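S.K.: Sharing start02.txt here; it has compact mmCIF, N, CA and C atoms and all ligand atoms.
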# COMPACT_ATOMS: atom_id res chain seq x y z
N MET L 1 5.65 -13.64 -5.25
CA MET L 1 4.69 -12.73 -5.88
C MET L 1 3.31 -12.91 -5.28
N LEU L 2 2.57 -11.86 -5.28
CA LEU L 2 1.23 -11.90 -4.71
C LEU L 2 0.20 -12.06 -5.82
N ALA L 3 -0.69 -12.97 -5.63
CA ALA L 3 -1.68 -13.26 -6.67
C ALA L 3 -2.61 -12.07 -6.92
N ASP L 4 -2.96 -11.37 -5.83
CA ASP L 4 -3.98 -10.34 -5.97
C ASP L 4 -3.41 -8.94 -6.16
N SER L 5 -2.13 -8.86 -6.46
CA SER L 5 -1.56 -7.53 -6.63
C SER L 5 -1.59 -7.09 -8.08
N PRO L 6 -1.74 -5.80 -8.28
CA PRO L 6 -1.73 -5.28 -9.65
C PRO L 6 -0.35 -5.50 -10.28
N THR L 7 -0.32 -5.70 -11.56
CA THR L 7 0.93 -5.93 -12.27
C THR L 7 1.37 -4.65 -12.97
N THR L 8 2.59 -4.68 -13.48
CA THR L 8 3.07 -3.51 -14.23
C THR L 8 2.26 -3.35 -15.51
N ASP L 9 1.68 -4.45 -16.04
CA ASP L 9 0.80 -4.32 -17.21
C ASP L 9 -0.42 -3.46 -16.87
N ASP L 10 -0.97 -3.67 -15.66
CA ASP L 10 -2.11 -2.85 -15.21
C ASP L 10 -1.70 -1.38 -15.19
N LEU L 11 -0.49 -1.14 -14.68
CA LEU L 11 0.01 0.23 -14.56
C LEU L 11 0.14 0.87 -15.95
N VAL L 12 0.74 0.14 -16.88
CA VAL L 12 0.93 0.66 -18.24
C VAL L 12 -0.43 1.01 -18.85
N ALA L 13 -1.40 0.10 -18.69
CA ALA L 13 -2.73 0.33 -19.26
C ALA L 13 -3.39 1.57 -18.65
N LEU L 14 -3.29 1.71 -17.31
CA LEU L 14 -3.91 2.86 -16.64
C LEU L 14 -3.26 4.19 -17.03
N LEU L 15 -1.93 4.17 -17.11
CA LEU L 15 -1.23 5.41 -17.47
C LEU L 15 -1.60 5.83 -18.89
N ARG L 16 -1.66 4.86 -19.80
CA ARG L 16 -2.01 5.17 -21.20
C ARG L 16 -3.43 5.73 -21.27
N GLN L 17 -4.35 5.08 -20.53
CA GLN L 17 -5.74 5.54 -20.48
C GLN L 17 -5.83 7.00 -20.07
N ARG L 18 -5.00 7.39 -19.11
CA ARG L 18 -5.06 8.75 -18.58
C ARG L 18 -4.14 9.70 -19.33
N GLY L 19 -3.46 9.19 -20.36
CA GLY L 19 -2.56 10.03 -21.14
C GLY L 19 -1.32 10.43 -20.36
N GLN L 20 -0.95 9.60 -19.36
CA GLN L 20 0.24 9.92 -18.58
C GLN L 20 1.41 9.08 -19.06
N ARG L 21 2.59 9.58 -18.85
CA ARG L 21 3.77 8.89 -19.38
C ARG L 21 4.07 7.61 -18.61
N VAL L 22 4.49 6.60 -19.37
CA VAL L 22 4.96 5.35 -18.76
C VAL L 22 6.46 5.51 -18.57
N THR L 23 6.88 5.76 -17.33
CA THR L 23 8.30 5.98 -17.08
C THR L 23 8.89 4.77 -16.37
N SER L 24 10.21 4.62 -16.50
CA SER L 24 10.85 3.49 -15.83
C SER L 24 10.70 3.62 -14.32
N GLN L 25 10.71 4.89 -13.81
CA GLN L 25 10.52 5.07 -12.36
C GLN L 25 9.21 4.43 -11.90
N ARG L 26 8.14 4.72 -12.63
CA ARG L 26 6.82 4.22 -12.23
C ARG L 26 6.79 2.69 -12.25
N LEU L 27 7.38 2.11 -13.29
CA LEU L 27 7.36 0.65 -13.40
C LEU L 27 8.22 -0.01 -12.32
N VAL L 28 9.41 0.54 -12.11
CA VAL L 28 10.33 -0.06 -11.14
C VAL L 28 9.76 0.04 -9.73
N ILE L 29 9.16 1.17 -9.39
CA ILE L 29 8.64 1.35 -8.04
C ILE L 29 7.49 0.38 -7.76
N LEU L 30 6.60 0.21 -8.72
CA LEU L 30 5.52 -0.77 -8.52
C LEU L 30 6.10 -2.18 -8.41
N ARG L 31 7.07 -2.48 -9.27
CA ARG L 31 7.66 -3.82 -9.26
C ARG L 31 8.32 -4.12 -7.91
N GLU L 32 9.05 -3.15 -7.37
CA GLU L 32 9.74 -3.36 -6.10
C GLU L 32 8.76 -3.48 -4.93
N LEU L 33 7.69 -2.72 -5.02
CA LEU L 33 6.68 -2.79 -3.97
C LEU L 33 6.06 -4.19 -3.96
N ARG L 34 5.80 -4.70 -5.15
CA ARG L 34 5.25 -6.05 -5.26
C ARG L 34 6.25 -7.10 -4.84
N ARG L 35 7.52 -6.91 -5.24
CA ARG L 35 8.53 -7.91 -4.92
C ARG L 35 8.73 -8.03 -3.41
N ALA L 36 8.65 -6.90 -2.72
CA ALA L 36 8.83 -6.93 -1.27
C ALA L 36 7.72 -7.75 -0.62
N ALA L 37 6.53 -7.74 -1.23
CA ALA L 37 5.39 -8.51 -0.73
C ALA L 37 5.11 -8.26 0.74
N ARG L 38 5.33 -7.03 1.16
CA ARG L 38 4.97 -6.65 2.53
C ARG L 38 4.75 -5.14 2.52
N HIS L 39 4.51 -4.58 3.70
CA HIS L 39 4.24 -3.16 3.78
C HIS L 39 5.55 -2.41 3.92
N LEU L 40 5.76 -1.45 3.05
CA LEU L 40 7.03 -0.71 3.06
C LEU L 40 6.80 0.76 3.37
N THR L 41 7.77 1.37 4.05
CA THR L 41 7.73 2.82 4.22
C THR L 41 8.29 3.43 2.94
N ALA L 42 8.04 4.72 2.74
CA ALA L 42 8.57 5.40 1.56
C ALA L 42 10.10 5.32 1.57
N ALA L 43 10.70 5.40 2.76
CA ALA L 43 12.17 5.33 2.85
C ALA L 43 12.66 3.95 2.42
N GLU L 44 11.92 2.91 2.78
CA GLU L 44 12.30 1.56 2.35
C GLU L 44 12.17 1.40 0.84
N VAL L 45 11.15 2.03 0.27
CA VAL L 45 11.00 1.98 -1.19
C VAL L 45 12.19 2.68 -1.84
N CYS L 46 12.58 3.84 -1.30
CA CYS L 46 13.74 4.57 -1.84
C CYS L 46 14.97 3.67 -1.82
N ALA L 47 15.18 2.96 -0.71
CA ALA L 47 16.35 2.09 -0.60
C ALA L 47 16.27 0.93 -1.58
N ALA L 48 15.06 0.40 -1.77
CA ALA L 48 14.89 -0.76 -2.66
C ALA L 48 15.13 -0.43 -4.12
N VAL L 49 14.86 0.81 -4.51
CA VAL L 49 15.00 1.16 -5.94
C VAL L 49 16.31 1.90 -6.25
N ARG L 50 17.14 2.07 -5.24
CA ARG L 50 18.37 2.86 -5.40
C ARG L 50 19.25 2.34 -6.55
N ASP L 51 19.41 1.02 -6.63
CA ASP L 51 20.27 0.44 -7.67
C ASP L 51 19.67 0.55 -9.06
N ASP L 52 18.34 0.33 -9.13
CA ASP L 52 17.69 0.35 -10.45
C ASP L 52 17.41 1.76 -10.94
N LEU L 53 17.26 2.69 -10.01
CA LEU L 53 16.92 4.06 -10.39
C LEU L 53 17.92 5.04 -9.78
N PRO L 54 19.19 4.93 -10.18
CA PRO L 54 20.18 5.83 -9.58
C PRO L 54 19.83 7.28 -9.94
N GLY L 55 19.96 8.16 -8.96
CA GLY L 55 19.72 9.57 -9.24
C GLY L 55 18.25 9.99 -9.17
N THR L 56 17.36 9.07 -8.84
CA THR L 56 15.96 9.45 -8.68
C THR L 56 15.78 10.02 -7.28
N SER L 57 15.26 11.24 -7.21
CA SER L 57 15.16 11.91 -5.92
C SER L 57 14.01 11.34 -5.09
N PRO L 58 14.16 11.38 -3.76
CA PRO L 58 13.06 10.92 -2.90
C PRO L 58 11.72 11.60 -3.23
N PRO L 59 11.67 12.93 -3.49
CA PRO L 59 10.36 13.51 -3.81
C PRO L 59 9.70 12.87 -5.03
N THR L 60 10.51 12.48 -6.02
CA THR L 60 9.95 11.81 -7.20
C THR L 60 9.38 10.45 -6.80
N ILE L 61 10.09 9.76 -5.93
CA ILE L 61 9.62 8.44 -5.48
C ILE L 61 8.34 8.59 -4.66
N TYR L 62 8.30 9.60 -3.79
CA TYR L 62 7.09 9.83 -2.99
C TYR L 62 5.91 10.15 -3.90
N ALA L 63 6.16 11.00 -4.91
CA ALA L 63 5.09 11.38 -5.83
C ALA L 63 4.60 10.17 -6.61
N THR L 64 5.52 9.28 -6.96
CA THR L 64 5.15 8.08 -7.70
C THR L 64 4.30 7.15 -6.82
N LEU L 65 4.67 7.04 -5.55
CA LEU L 65 3.87 6.21 -4.63
C LEU L 65 2.46 6.78 -4.52
N ASP L 66 2.36 8.11 -4.42
CA ASP L 66 1.04 8.75 -4.36
C ASP L 66 0.24 8.46 -5.62
N LEU L 67 0.92 8.47 -6.75
CA LEU L 67 0.25 8.19 -8.02
C LEU L 67 -0.26 6.75 -8.05
N LEU L 68 0.55 5.81 -7.56
CA LEU L 68 0.13 4.41 -7.54
C LEU L 68 -1.11 4.23 -6.67
N VAL L 69 -1.14 4.97 -5.54
CA VAL L 69 -2.31 4.90 -4.66
C VAL L 69 -3.54 5.48 -5.37
N GLU L 70 -3.32 6.62 -6.02
CA GLU L 70 -4.41 7.28 -6.74
C GLU L 70 -4.97 6.38 -7.85
N LEU L 71 -4.08 5.61 -8.49
CA LEU L 71 -4.50 4.72 -9.57
C LEU L 71 -5.11 3.42 -9.04
N GLY L 72 -5.08 3.25 -7.71
CA GLY L 72 -5.65 2.04 -7.13
C GLY L 72 -4.75 0.83 -7.24
N LEU L 73 -3.44 1.07 -7.42
CA LEU L 73 -2.50 -0.05 -7.56
C LEU L 73 -1.73 -0.34 -6.28
N ALA L 74 -1.94 0.50 -5.27
CA ALA L 74 -1.31 0.29 -3.98
C ALA L 74 -2.20 0.98 -2.95
N ARG L 75 -2.01 0.60 -1.70
CA ARG L 75 -2.79 1.24 -0.64
C ARG L 75 -1.86 1.97 0.31
N ARG L 76 -2.32 3.10 0.81
CA ARG L 76 -1.56 3.83 1.82
C ARG L 76 -2.14 3.40 3.16
N LEU L 77 -1.26 3.16 4.08
CA LEU L 77 -1.69 2.57 5.35
C LEU L 77 -1.08 3.32 6.52
N ASP L 78 -1.93 3.78 7.42
CA ASP L 78 -1.43 4.43 8.62
C ASP L 78 -1.81 3.53 9.79
N VAL L 79 -0.82 2.93 10.43
CA VAL L 79 -1.11 1.99 11.50
C VAL L 79 -0.79 2.60 12.87
N GLY L 80 -0.70 3.92 12.90
CA GLY L 80 -0.51 4.60 14.17
C GLY L 80 0.91 4.51 14.71
N LEU L 81 1.87 4.20 13.84
CA LEU L 81 3.26 4.13 14.29
C LEU L 81 4.00 5.41 13.92
N GLY L 82 3.25 6.39 13.45
CA GLY L 82 3.87 7.66 13.07
C GLY L 82 4.55 7.57 11.72
N VAL L 83 4.26 6.53 10.97
CA VAL L 83 4.89 6.38 9.66
C VAL L 83 3.84 5.82 8.71
N THR L 84 3.90 6.28 7.46
CA THR L 84 2.96 5.79 6.45
C THR L 84 3.58 4.60 5.74
N LEU L 85 2.77 3.56 5.59
CA LEU L 85 3.24 2.37 4.89
C LEU L 85 2.52 2.25 3.56
N TYR L 86 3.18 1.59 2.61
CA TYR L 86 2.56 1.33 1.31
C TYR L 86 2.37 -0.17 1.16
N ASP L 87 1.16 -0.53 0.77
CA ASP L 87 0.76 -1.94 0.69
C ASP L 87 0.55 -2.30 -0.78
N PRO L 88 1.26 -3.33 -1.26
CA PRO L 88 1.06 -3.72 -2.66
C PRO L 88 -0.26 -4.46 -2.88
N ARG L 89 -0.92 -4.85 -1.80
CA ARG L 89 -2.20 -5.55 -1.93
C ARG L 89 -3.34 -4.56 -1.87
N VAL L 90 -4.24 -4.62 -2.85
CA VAL L 90 -5.37 -3.70 -2.83
C VAL L 90 -6.69 -4.45 -2.65
N ASP L 91 -6.60 -5.78 -2.53
CA ASP L 91 -7.82 -6.56 -2.27
C ASP L 91 -8.18 -6.41 -0.79
N PRO L 92 -9.45 -6.62 -0.43
CA PRO L 92 -9.85 -6.40 0.96
C PRO L 92 -9.11 -7.33 1.94
N HIS L 93 -8.47 -6.75 2.91
CA HIS L 93 -7.87 -7.52 3.99
C HIS L 93 -7.66 -6.57 5.17
N ALA L 94 -7.51 -7.17 6.34
CA ALA L 94 -7.33 -6.37 7.55
C ALA L 94 -5.85 -6.38 7.94
N HIS L 95 -5.48 -5.56 8.91
CA HIS L 95 -4.10 -5.51 9.37
C HIS L 95 -4.02 -5.64 10.87
N ALA L 96 -2.96 -6.30 11.32
CA ALA L 96 -2.69 -6.42 12.75
C ALA L 96 -1.32 -5.81 12.99
N VAL L 97 -1.25 -4.89 13.92
CA VAL L 97 0.03 -4.25 14.21
C VAL L 97 0.45 -4.57 15.64
N CYS L 98 1.71 -4.98 15.78
CA CYS L 98 2.25 -5.33 17.10
C CYS L 98 2.76 -4.06 17.76
N ARG L 99 2.25 -3.77 18.95
CA ARG L 99 2.68 -2.53 19.60
C ARG L 99 4.04 -2.68 20.27
N ARG L 100 4.58 -3.90 20.29
CA ARG L 100 5.90 -4.09 20.88
C ARG L 100 7.00 -3.93 19.81
N CYS L 101 6.86 -4.68 18.69
CA CYS L 101 7.93 -4.64 17.67
C CYS L 101 7.54 -3.85 16.42
N GLY L 102 6.28 -3.46 16.32
CA GLY L 102 5.86 -2.66 15.16
C GLY L 102 5.58 -3.47 13.91
N ALA L 103 5.63 -4.81 14.01
CA ALA L 103 5.34 -5.64 12.83
C ALA L 103 3.91 -5.40 12.38
N VAL L 104 3.73 -5.34 11.07
CA VAL L 104 2.39 -5.16 10.50
C VAL L 104 2.08 -6.37 9.65
N GLU L 105 1.06 -7.12 10.04
CA GLU L 105 0.73 -8.34 9.31
C GLU L 105 -0.63 -8.24 8.64
N ASP L 106 -0.74 -8.92 7.51
CA ASP L 106 -2.04 -9.01 6.84
C ASP L 106 -2.90 -10.03 7.55
N VAL L 107 -4.17 -9.74 7.68
CA VAL L 107 -5.12 -10.69 8.25
C VAL L 107 -6.13 -11.00 7.16
N GLU L 108 -6.22 -12.28 6.83
CA GLU L 108 -7.07 -12.69 5.73
C GLU L 108 -8.52 -12.78 6.18
N ALA L 109 -9.19 -11.66 6.12
CA ALA L 109 -10.60 -11.66 6.49
C ALA L 109 -11.27 -10.48 5.82
N ARG L 110 -12.46 -10.71 5.41
CA ARG L 110 -13.25 -9.66 4.81
C ARG L 110 -14.23 -9.21 5.89
N VAL L 111 -14.23 -7.95 6.22
CA VAL L 111 -15.09 -7.47 7.29
C VAL L 111 -16.24 -6.67 6.69
N ASP L 112 -17.41 -6.97 7.15
CA ASP L 112 -18.57 -6.23 6.66
C ASP L 112 -18.73 -4.96 7.50
N SER L 113 -18.33 -3.83 6.95
CA SER L 113 -18.40 -2.58 7.72
C SER L 113 -19.60 -1.75 7.30
N THR L 114 -20.59 -2.39 6.69
CA THR L 114 -21.78 -1.67 6.24
C THR L 114 -22.43 -0.89 7.39
N ALA L 115 -22.58 -1.55 8.55
CA ALA L 115 -23.29 -0.92 9.67
C ALA L 115 -22.58 0.34 10.15
N VAL L 116 -21.28 0.26 10.29
CA VAL L 116 -20.55 1.42 10.81
C VAL L 116 -20.52 2.54 9.76
N MET L 117 -20.46 2.15 8.48
CA MET L 117 -20.47 3.18 7.43
C MET L 117 -21.83 3.86 7.35
N ARG L 118 -22.87 3.06 7.54
CA ARG L 118 -24.22 3.62 7.50
C ARG L 118 -24.42 4.61 8.66
N ALA L 119 -23.92 4.23 9.84
CA ALA L 119 -24.05 5.11 11.01
C ALA L 119 -23.29 6.42 10.79
N ALA L 120 -22.09 6.33 10.22
CA ALA L 120 -21.30 7.53 9.95
C ALA L 120 -22.02 8.41 8.93
N HIS L 121 -22.56 7.75 7.93
CA HIS L 121 -23.27 8.47 6.88
C HIS L 121 -24.50 9.19 7.45
N ALA L 122 -25.18 8.52 8.38
CA ALA L 122 -26.36 9.12 9.02
C ALA L 122 -25.98 10.37 9.80
N ASP L 123 -24.73 10.42 10.28
CA ASP L 123 -24.24 11.61 10.98
C ASP L 123 -23.71 12.66 10.01
N GLY L 124 -23.90 12.42 8.72
CA GLY L 124 -23.46 13.40 7.74
C GLY L 124 -22.03 13.24 7.30
N PHE L 125 -21.43 12.10 7.64
CA PHE L 125 -20.04 11.89 7.28
C PHE L 125 -19.94 11.20 5.92
N GLN L 126 -19.12 11.77 5.04
CA GLN L 126 -18.91 11.16 3.72
C GLN L 126 -17.76 10.17 3.82
N VAL L 127 -18.08 8.89 3.86
CA VAL L 127 -17.04 7.87 4.00
C VAL L 127 -16.30 7.69 2.68
N GLU L 128 -14.98 7.71 2.74
CA GLU L 128 -14.19 7.46 1.54
C GLU L 128 -13.53 6.10 1.58
N HIS L 129 -13.21 5.67 2.78
CA HIS L 129 -12.45 4.44 2.89
C HIS L 129 -12.61 3.90 4.30
N SER L 130 -12.59 2.58 4.44
CA SER L 130 -12.62 2.02 5.78
C SER L 130 -11.58 0.92 5.89
N ASP L 131 -10.86 0.93 6.99
CA ASP L 131 -9.80 -0.05 7.23
C ASP L 131 -10.04 -0.72 8.57
N VAL L 132 -9.71 -1.99 8.65
CA VAL L 132 -9.79 -2.66 9.95
C VAL L 132 -8.36 -2.84 10.45
N LEU L 133 -8.10 -2.30 11.63
CA LEU L 133 -6.77 -2.36 12.20
C LEU L 133 -6.84 -2.98 13.59
N LEU L 134 -6.13 -4.08 13.78
CA LEU L 134 -6.07 -4.72 15.09
C LEU L 134 -4.73 -4.34 15.71
N THR L 135 -4.75 -4.02 17.01
CA THR L 135 -3.47 -3.76 17.67
C THR L 135 -3.32 -4.76 18.80
N GLY L 136 -2.10 -5.12 19.11
CA GLY L 136 -1.85 -6.09 20.17
C GLY L 136 -0.41 -6.54 20.13
N ILE L 137 -0.18 -7.79 20.49
CA ILE L 137 1.17 -8.34 20.57
C ILE L 137 1.27 -9.52 19.61
N CYS L 138 2.28 -9.50 18.75
CA CYS L 138 2.42 -10.56 17.75
C CYS L 138 2.95 -11.85 18.37
N ARG L 139 2.90 -12.93 17.56
CA ARG L 139 3.29 -14.25 18.06
C ARG L 139 4.76 -14.25 18.53
N ARG L 140 5.65 -13.64 17.72
CA ARG L 140 7.06 -13.64 18.10
C ARG L 140 7.29 -12.94 19.43
N CYS L 141 6.55 -11.86 19.68
CA CYS L 141 6.75 -11.10 20.91
C CYS L 141 6.08 -11.75 22.13
N THR L 142 5.12 -12.63 21.89
CA THR L 142 4.46 -13.29 23.03
C THR L 142 5.32 -14.41 23.57
N ASN L 143 6.12 -15.03 22.69
CA ASN L 143 6.94 -16.18 23.11
C ASN L 143 8.18 -15.74 23.88
ZN ZN Y 201 5.86 -8.13 17.84
ZN ZN Y 202 -1.72 -5.36 3.82
Using structure tokens, write down the structure that the file contains.

M.R.:
Amino acid sequence: MLADSPTTDDLVALLRQRGQRVTSQRLVILRELRRAARHLTAAEVCAAVRDDLPGTSPPTIYATLDLLVELGLARRLDVGLGVTLYDPRVDPHAHAVCRRCGAVEDVEARVDSTAVMRAAHADGFQVEHSDVLLTGICRRCTN
């Protein structure tokens, strides 16, 4: 389990606050995302919840993942591999992606992006989010 990940209790509280239904789909999908403790594609989430949520359609699962992101309980991550990943960690951290094997690893560092955000803002850009993405070759692929 990840210390800094939102719990299903957080999800229940947020859904109630917004007057949205607490469904087993929503709880199971967050739980599985957390249990995986890594970055998952939507297809991997579908596979992970297949036993617990038989008959739940992929569009429902995709919509639930979008809802979790909207609620701030998961992050959507595009690492340039042509696939969107979902991250159960929402605390600040960077990512390193291996261009050989596609592994995506968390990098424990807080980056001060104030300067780059200020520059973008000065150009009239409304910043919504900033991510630090390192690309290169992972340890396994270098050996
Ligand atoms: Zn690699
Ligand atoms: Zn991550």

S.K.: Which is closest to L:Gln25 among L:Thr64, L:His39, L:Val12, L:Ala120, if we use all atoms listed in the file?

M.R.: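 Smallest distance to L:Gln25 is found for L:Thr64.
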
S.K.: Could you list, as a list of chain:residue names, all protein and nucleic acid residues with an atom at most 6 Å from ligand ZN 201 (chain Y), counting only N, CA and C atoms and all ligand atoms?

M.R.: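 The residues within 6 Å of ligand ZN 201 (chain Y), counting only N, CA and C atoms and all ligand atoms, are L:Cys98, L:Arg99, L:Arg100, L:Cys101, L:Gly102, L:Ala103, L:Ile137, L:Cys138, L:Arg139, L:Arg140, L:Cys141.
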
S.K.: Using Å and a single decimal, report how far atom N of L:Val28 sits from atom CA of L:Thr84.

M.R.: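 The value is 20.3 Å.
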
S.K.: Mind checking which residues fall within 12 Å of L:Leu15, counting only C-alpha atoms, ignoring those fewer than 3 positions away in the same chain, and posting them as a PyMOL selection string?

M.R.: chain L and resi 8-12+18-23+26-27+64+67-68+70-73

S.K.: For atom C of L:Pro58 and atom C of L:Val127, quote the distance in Å rounded to one decimal.

M.R.: 28.9 Å

S.K.: Using only C-alpha atoms and all ligand atoms, find each residue with an atom at most 10 Å away from ligand ZN 202 (chain Y) and format the answer as JSON, numbers by chain.

M.R.: {"L": [37, 38, 39, 40, 74, 75, 76, 77, 85, 86, 87, 88, 89, 90, 91, 92, 93, 94, 95, 96, 104, 105, 106, 107, 108]}

S.K.: Identify all residues of chain L in alpha helix (DSSP H) (DSSP on the backbone) and supply them as a PyMOL selection string.

M.R.: chain L and resi 8-17+24-36+42-49+58-70+114-122+139-142

S.K.: Between atom CA of L:Val116 and atom C of L:Glu128, what is the distance, to one decimal in Å?

M.R.: 12.5 Å

S.K.: Could you check the closest approach to L:Arg31 for each of L:Asp112, L:Asp131, L:Asp78, L:Asp52 and tell me which residue wins, using only C-alpha atoms?

M.R.: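 Of all the options, L:Asp52 lies closest to L:Arg31.
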
S.K.: Within chain L, find each residue whose DSSP state, derived from the backbone, is strand (DSSP E or B), and express the selection as a compact mmCIF listing (two decimals) with N, CA and C atoms, in the coordinates of the input.

M.R.:
# COMPACT_ATOMS: atom_id res chain seq x y z
N LEU L 40 5.76 -1.45 3.05
CA LEU L 40 7.03 -0.71 3.06
C LEU L 40 6.80 0.76 3.37
N THR L 41 7.77 1.37 4.05
CA THR L 41 7.73 2.82 4.22
C THR L 41 8.29 3.43 2.94
N ARG L 75 -2.01 0.60 -1.70
CA ARG L 75 -2.79 1.24 -0.64
C ARG L 75 -1.86 1.97 0.31
N ARG L 76 -2.32 3.10 0.81
CA ARG L 76 -1.56 3.83 1.82
C ARG L 76 -2.14 3.40 3.16
N LEU L 77 -1.26 3.16 4.08
CA LEU L 77 -1.69 2.57 5.35
C LEU L 77 -1.08 3.32 6.52
N ASP L 78 -1.93 3.78 7.42
CA ASP L 78 -1.43 4.43 8.62
C ASP L 78 -1.81 3.53 9.79
N THR L 84 3.90 6.28 7.46
CA THR L 84 2.96 5.79 6.45
C THR L 84 3.58 4.60 5.74
N LEU L 85 2.77 3.56 5.59
CA LEU L 85 3.24 2.37 4.89
C LEU L 85 2.52 2.25 3.56
N TYR L 86 3.18 1.59 2.61
CA TYR L 86 2.56 1.33 1.31
C TYR L 86 2.37 -0.17 1.16
N ASP L 87 1.16 -0.53 0.77
CA ASP L 87 0.76 -1.94 0.69
C ASP L 87 0.55 -2.30 -0.78
N ALA L 94 -7.51 -7.17 6.34
CA ALA L 94 -7.33 -6.37 7.55
C ALA L 94 -5.85 -6.38 7.94
N HIS L 95 -5.48 -5.56 8.91
CA HIS L 95 -4.10 -5.51 9.37
C HIS L 95 -4.02 -5.64 10.87
N ALA L 96 -2.96 -6.30 11.32
CA ALA L 96 -2.69 -6.42 12.75
C ALA L 96 -1.32 -5.81 12.99
N VAL L 97 -1.25 -4.89 13.92
CA VAL L 97 0.03 -4.25 14.21
C VAL L 97 0.45 -4.57 15.64
N CYS L 98 1.71 -4.98 15.78
CA CYS L 98 2.25 -5.33 17.10
C CYS L 98 2.76 -4.06 17.76
N VAL L 104 3.73 -5.34 11.07
CA VAL L 104 2.39 -5.16 10.50
C VAL L 104 2.08 -6.37 9.65
N GLU L 105 1.06 -7.12 10.04
CA GLU L 105 0.73 -8.34 9.31
C GLU L 105 -0.63 -8.24 8.64
N ASP L 106 -0.74 -8.92 7.51
CA ASP L 106 -2.04 -9.01 6.84
C ASP L 106 -2.90 -10.03 7.55
N VAL L 107 -4.17 -9.74 7.68
CA VAL L 107 -5.12 -10.69 8.25
C VAL L 107 -6.13 -11.00 7.16
N LEU L 133 -8.10 -2.30 11.63
CA LEU L 133 -6.77 -2.36 12.20
C LEU L 133 -6.84 -2.98 13.59
N LEU L 134 -6.13 -4.08 13.78
CA LEU L 134 -6.07 -4.72 15.09
C LEU L 134 -4.73 -4.34 15.71
N THR L 135 -4.75 -4.02 17.01
CA THR L 135 -3.47 -3.76 17.67
C THR L 135 -3.32 -4.76 18.80
N GLY L 136 -2.10 -5.12 19.11
CA GLY L 136 -1.85 -6.09 20.17
C GLY L 136 -0.41 -6.54 20.13
